[in-house]
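Take a look at the structure below.
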Amino acid sequence: MTIPFDPHELDPEEYGETRATLSTDHESAIERVREVCLDEGFGIPVEFSPSELLNEKVDADRDPYYVLGACNPSMANRALDATDGRIGGLFPCNMIVREVEPGTQEVYHVSIMKIARLLGLPVDDEEMDAIIDDTGEMVDAVFVKLEE
């Protein structure tokens, strides 16, 4: 498959890559990310542990890895309209918590709104730009609090 652009040439800012490192155990990190997301206006309608699933199903021996599917209903509603519903294929906005080593967790996020823009999903560019700005501020606030 040929991609119409070289993904290695993209600046992580173009797809909204954000990371934070937390010095704590895995379960505490998950709880901290959940609390901060809720404080900043995100709900968590979906969450699961791919590592637990893969370790159980295919004996993968994966280190702790957890996905918190964050969602702000107002933003999701706006994004559905701005993309003729196609952004739903990227829902929700995932916050990943993975154990780098015992006592060190990485929180990782990419902006589905910016990814939708890169994929050409918006039918309303002006509204999508506003959504990217609004959700970017929310995500930035999450990561500022996580790094405190």
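For the structure tokens, the naming scheme is as follows: chains receive sequential letters (A, B, ...) according to their order of presentation, residues are indexed from 1 within each chain, and ligands are indexed from 1 in presentation order.
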Please report, as a count of residues only, each residue of range 15-104 of chain A to which DSSP assigns strand (DSSP E or B) when run on this structure's backbone.
-> 28
Could you make a table, as CSV, of the residues of range 99-128 of chain A that have an atom within 8 Å of an atom of range 14-36 of chain A, each with its nearest atom pair and distance in Å to one decimal, counting only C-alpha atoms, in chain and number order?
residue,atom,partner,partner_atom,distance
A:Glu99,CA,A:His26,CA,6.3
A:Pro102,CA,A:Asp25,CA,6.7
A:Gly103,CA,A:Thr24,CA,4.7
A:Thr104,CA,A:Ser23,CA,4.7
A:Gln105,CA,A:Leu22,CA,5.1
A:Glu106,CA,A:Thr21,CA,4.6
A:Val107,CA,A:Ala20,CA,5.1
A:Tyr108,CA,A:Arg19,CA,4.6
A:His109,CA,A:Thr18,CA,5.3
A:Val110,CA,A:Glu17,CA,4.4
A:Ser111,CA,A:Gly16,CA,4.7
A:Ile112,CA,A:Tyr15,CA,7.7
A:Lys114,CA,A:Tyr15,CA,5.1
A:Ile115,CA,A:Tyr15,CA,5.4
A:Leu118,CA,A:Tyr15,CA,7.7
As a VMD selection string, which residues of range 13-142 of chain A does DSSP assign to helix (DSSP H, G or I)?
-> chain A and resid 13 to 15 26 to 39 50 to 58 73 to 82 86 to 90 112 to 118 125 to 142
Restrict the calculation to only C-alpha atoms, then for each residue of range 8-111 of chain A with any atom at most 10 Å from an atom of range 120-132 of chain A give the closest atom pair and their distance in Å to one decimal, rows by chain and rising residue number, as JSON lines.
{"residue": "A:Gly16", "atom": "CA", "partner": "A:Ile132", "partner_atom": "CA", "distance": 9.5}
{"residue": "A:Ser74", "atom": "CA", "partner": "A:Ile131", "partner_atom": "CA", "distance": 10.0}
{"residue": "A:Met75", "atom": "CA", "partner": "A:Ile131", "partner_atom": "CA", "distance": 6.7}
{"residue": "A:Ala76", "atom": "CA", "partner": "A:Ile131", "partner_atom": "CA", "distance": 9.1}
{"residue": "A:Arg78", "atom": "CA", "partner": "A:Ile131", "partner_atom": "CA", "distance": 7.4}
{"residue": "A:Ala79", "atom": "CA", "partner": "A:Met128", "partner_atom": "CA", "distance": 6.9}
{"residue": "A:Leu80", "atom": "CA", "partner": "A:Pro122", "partner_atom": "CA", "distance": 9.1}
{"residue": "A:Asp81", "atom": "CA", "partner": "A:Asp124", "partner_atom": "CA", "distance": 8.2}
{"residue": "A:Ala82", "atom": "CA", "partner": "A:Asp124", "partner_atom": "CA", "distance": 5.0}
{"residue": "A:Thr83", "atom": "CA", "partner": "A:Pro122", "partner_atom": "CA", "distance": 4.2}
{"residue": "A:Asp84", "atom": "CA", "partner": "A:Val123", "partner_atom": "CA", "distance": 6.8}
{"residue": "A:Gly85", "atom": "CA", "partner": "A:Leu121", "partner_atom": "CA", "distance": 9.1}
{"residue": "A:Arg86", "atom": "CA", "partner": "A:Leu121", "partner_atom": "CA", "distance": 6.7}
{"residue": "A:Ile87", "atom": "CA", "partner": "A:Leu121", "partner_atom": "CA", "distance": 7.0}
{"residue": "A:Ser111", "atom": "CA", "partner": "A:Ile132", "partner_atom": "CA", "distance": 8.3}
